[in-house]
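Structure, as C-alpha cells:
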Amino acid sequence: MKITTRPITLTINGKKQGPLDIAEGMMMIDFLNEYVNLTGSRLGCGQGVCHACVVIEDQPDGSSHETRTCITGAHYFDGKAIRTVEGHATINDKGEEVPSPVQQAFMDHYSFQCGYCTPGFVNAATVFIEGLKRNPIARDELEEAILKAMNNHICRCTGYVRYYEAVRDLVLKTPGLIRETKNG
Ligand code: FES
Ligand code: FES
C-alpha cells in the first residue's frame, strides 16, 4: 500500500513548524506526539469524548477555542496557529519556568491527581479566561459559565470540584473579568 503524504506548516506555541511531509489522514494528536515532540497533549478516548487531547486554536480576530486533536486531521491545522499545554508557562529573568495563572491556580487548589486530563483542563480554562477578558460576565452568571466551559472535559480522579474552584478563584481575583451588573 502506498501512503500519500502532503506537507504541513503551522505555528505552535508561537514557533513555526514545517513544512513537514506527513501522511494524509494522520490525526493531529499523532503529529504532535510523534513529529514535533510535544507529548503534553494526551490521547484519552480517541473518539472525541474526553477532551484530554484538545489544543487551543487561535483565530486571526484574537479569539480562541479548543479543538480535539484525536478526531481532527493534522492537515486541518495547516497554516493555522495553535497552542498546546507546553506553551503556557513563561521563563522569568532568572531562566526559571513560571506556570501560567491557570496552571498555578490548579496547583494551588490541588486540582488534579494523576494529571492525565490536566492539559485539556488547562487549555479549557485558558480559553475561558481569555474569553472573559474580551467579554466580561456578571458575577451571578459565573457558576454556569464555568460549568459550560469545563463540562466537556472528563476527569476520572478528582470529581471536578477543585478544578472548578480553581477557575472560580482565578476569575474573581483577576481584575476586569466580572461585570458589576448583568447589563454592565
Ligand atoms: S482523546 Fe480526544 S476527545 Fe478523548
Ligand atoms: S486527574 Fe486523573 S484523570 Fe483527571
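Each chain of the C-alpha cells is named A, B, ... in the order shown, its residues numbered from 1; ligands are numbered from 1 in display order.
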Give me every alpha helix (DSSP H) residue in chain A, going by DSSP on the backbone, as a ChimeraX atom specification. /A:28-30,101-108,118-134,142-150,161-173
Which residues form the shell of 7 Å around ligand 1 when you count only C-alpha atoms and all ligand atoms, given as number ranges by chain? A: 42-54, 68-71
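Look at Thr158 of chain A: the protein and nucleic acid residues within 12 Å of it, using only C-alpha atoms and passing over chain neighbours fewer than 6 places away, are A:Phe106, A:His109, A:Tyr110, A:Ser111, A:Phe112, A:Gln113, A:Cys114, A:Gly115, A:Tyr116, A:Cys117, A:Thr118, A:Tyr164.
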Dump as a PDB file, in the first residue's frame, selection limited to N, CA and C atoms:
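Result saved to out_7.pdb:
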```pdb
ATOM      1  N   PHE A 106      -4.465  25.742  39.412  1.00  0.00           N
ATOM      2  CA  PHE A 106      -4.728  24.304  39.536  1.00  0.00           C
ATOM      3  C   PHE A 106      -3.796  23.674  40.573  1.00  0.00           C
ATOM      4  N   HIS A 109      -4.853  24.752  44.147  1.00  0.00           N
ATOM      5  CA  HIS A 109      -6.086  24.094  44.612  1.00  0.00           C
ATOM      6  C   HIS A 109      -5.971  22.567  44.604  1.00  0.00           C
ATOM      7  N   TYR A 110      -4.785  22.032  44.321  1.00  0.00           N
ATOM      8  CA  TYR A 110      -4.620  20.564  44.224  1.00  0.00           C
ATOM      9  C   TYR A 110      -5.711  19.980  43.332  1.00  0.00           C
ATOM     10  N   SER A 111      -5.853  20.563  42.139  1.00  0.00           N
ATOM     11  CA  SER A 111      -6.993  20.223  41.294  1.00  0.00           C
ATOM     12  C   SER A 111      -6.889  18.855  40.645  1.00  0.00           C
ATOM     13  N   PHE A 112      -5.683  18.335  40.491  1.00  0.00           N
ATOM     14  CA  PHE A 112      -5.544  17.072  39.751  1.00  0.00           C
ATOM     15  C   PHE A 112      -4.811  16.037  40.590  1.00  0.00           C
ATOM     16  N   GLN A 113      -4.980  14.773  40.200  1.00  0.00           N
ATOM     17  CA  GLN A 113      -4.253  13.685  40.866  1.00  0.00           C
ATOM     18  C   GLN A 113      -3.287  13.050  39.876  1.00  0.00           C
ATOM     19  N   CYS A 114      -3.778  12.166  38.982  1.00  0.00           N
ATOM     20  CA  CYS A 114      -2.846  11.552  38.030  1.00  0.00           C
ATOM     21  C   CYS A 114      -2.365  12.562  36.996  1.00  0.00           C
ATOM     22  N   GLY A 115      -3.191  13.558  36.690  1.00  0.00           N
ATOM     23  CA  GLY A 115      -2.791  14.621  35.773  1.00  0.00           C
ATOM     24  C   GLY A 115      -3.027  14.318  34.304  1.00  0.00           C
ATOM     25  N   TYR A 116      -3.592  13.152  34.017  1.00  0.00           N
ATOM     26  CA  TYR A 116      -3.751  12.815  32.598  1.00  0.00           C
ATOM     27  C   TYR A 116      -4.686  13.795  31.883  1.00  0.00           C
ATOM     28  N   CYS A 117      -5.709  14.224  32.575  1.00  0.00           N
ATOM     29  CA  CYS A 117      -6.683  15.129  31.971  1.00  0.00           C
ATOM     30  C   CYS A 117      -6.233  16.590  32.017  1.00  0.00           C
ATOM     31  N   THR A 118      -5.191  16.873  32.775  1.00  0.00           N
ATOM     32  CA  THR A 118      -4.860  18.261  33.111  1.00  0.00           C
ATOM     33  C   THR A 118      -4.526  19.136  31.905  1.00  0.00           C
ATOM     34  N   TYR A 164     -12.969  23.310  39.275  1.00  0.00           N
ATOM     35  CA  TYR A 164     -13.954  24.391  39.198  1.00  0.00           C
ATOM     36  C   TYR A 164     -13.617  25.493  40.201  1.00  0.00           C
TER      37      TYR A 164
END
```
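Between atom CA of Ala74 of chain A and atom CA of Thr39 of chain A the separation is 15.0 Å.
The interatomic distance for the pair atom CA of Glu141 of chain A and atom CA of Pro119 of chain A works out to 25.5 Å.
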I need the residue nearest ligand 2 from this list: A:Val127, A:Ile29, A:Ala149, A:Met107. Use only C-alpha atoms and all ligand atoms for the distance.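 Of the candidates, the smallest distance to ligand 2 is held by A:Met107.
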Nearest to ligand 2: which of A:Ile3, A:Ile82, A:Ala125, A:Cys157 is it, counting only C-alpha atoms and all ligand atoms? A:Cys157
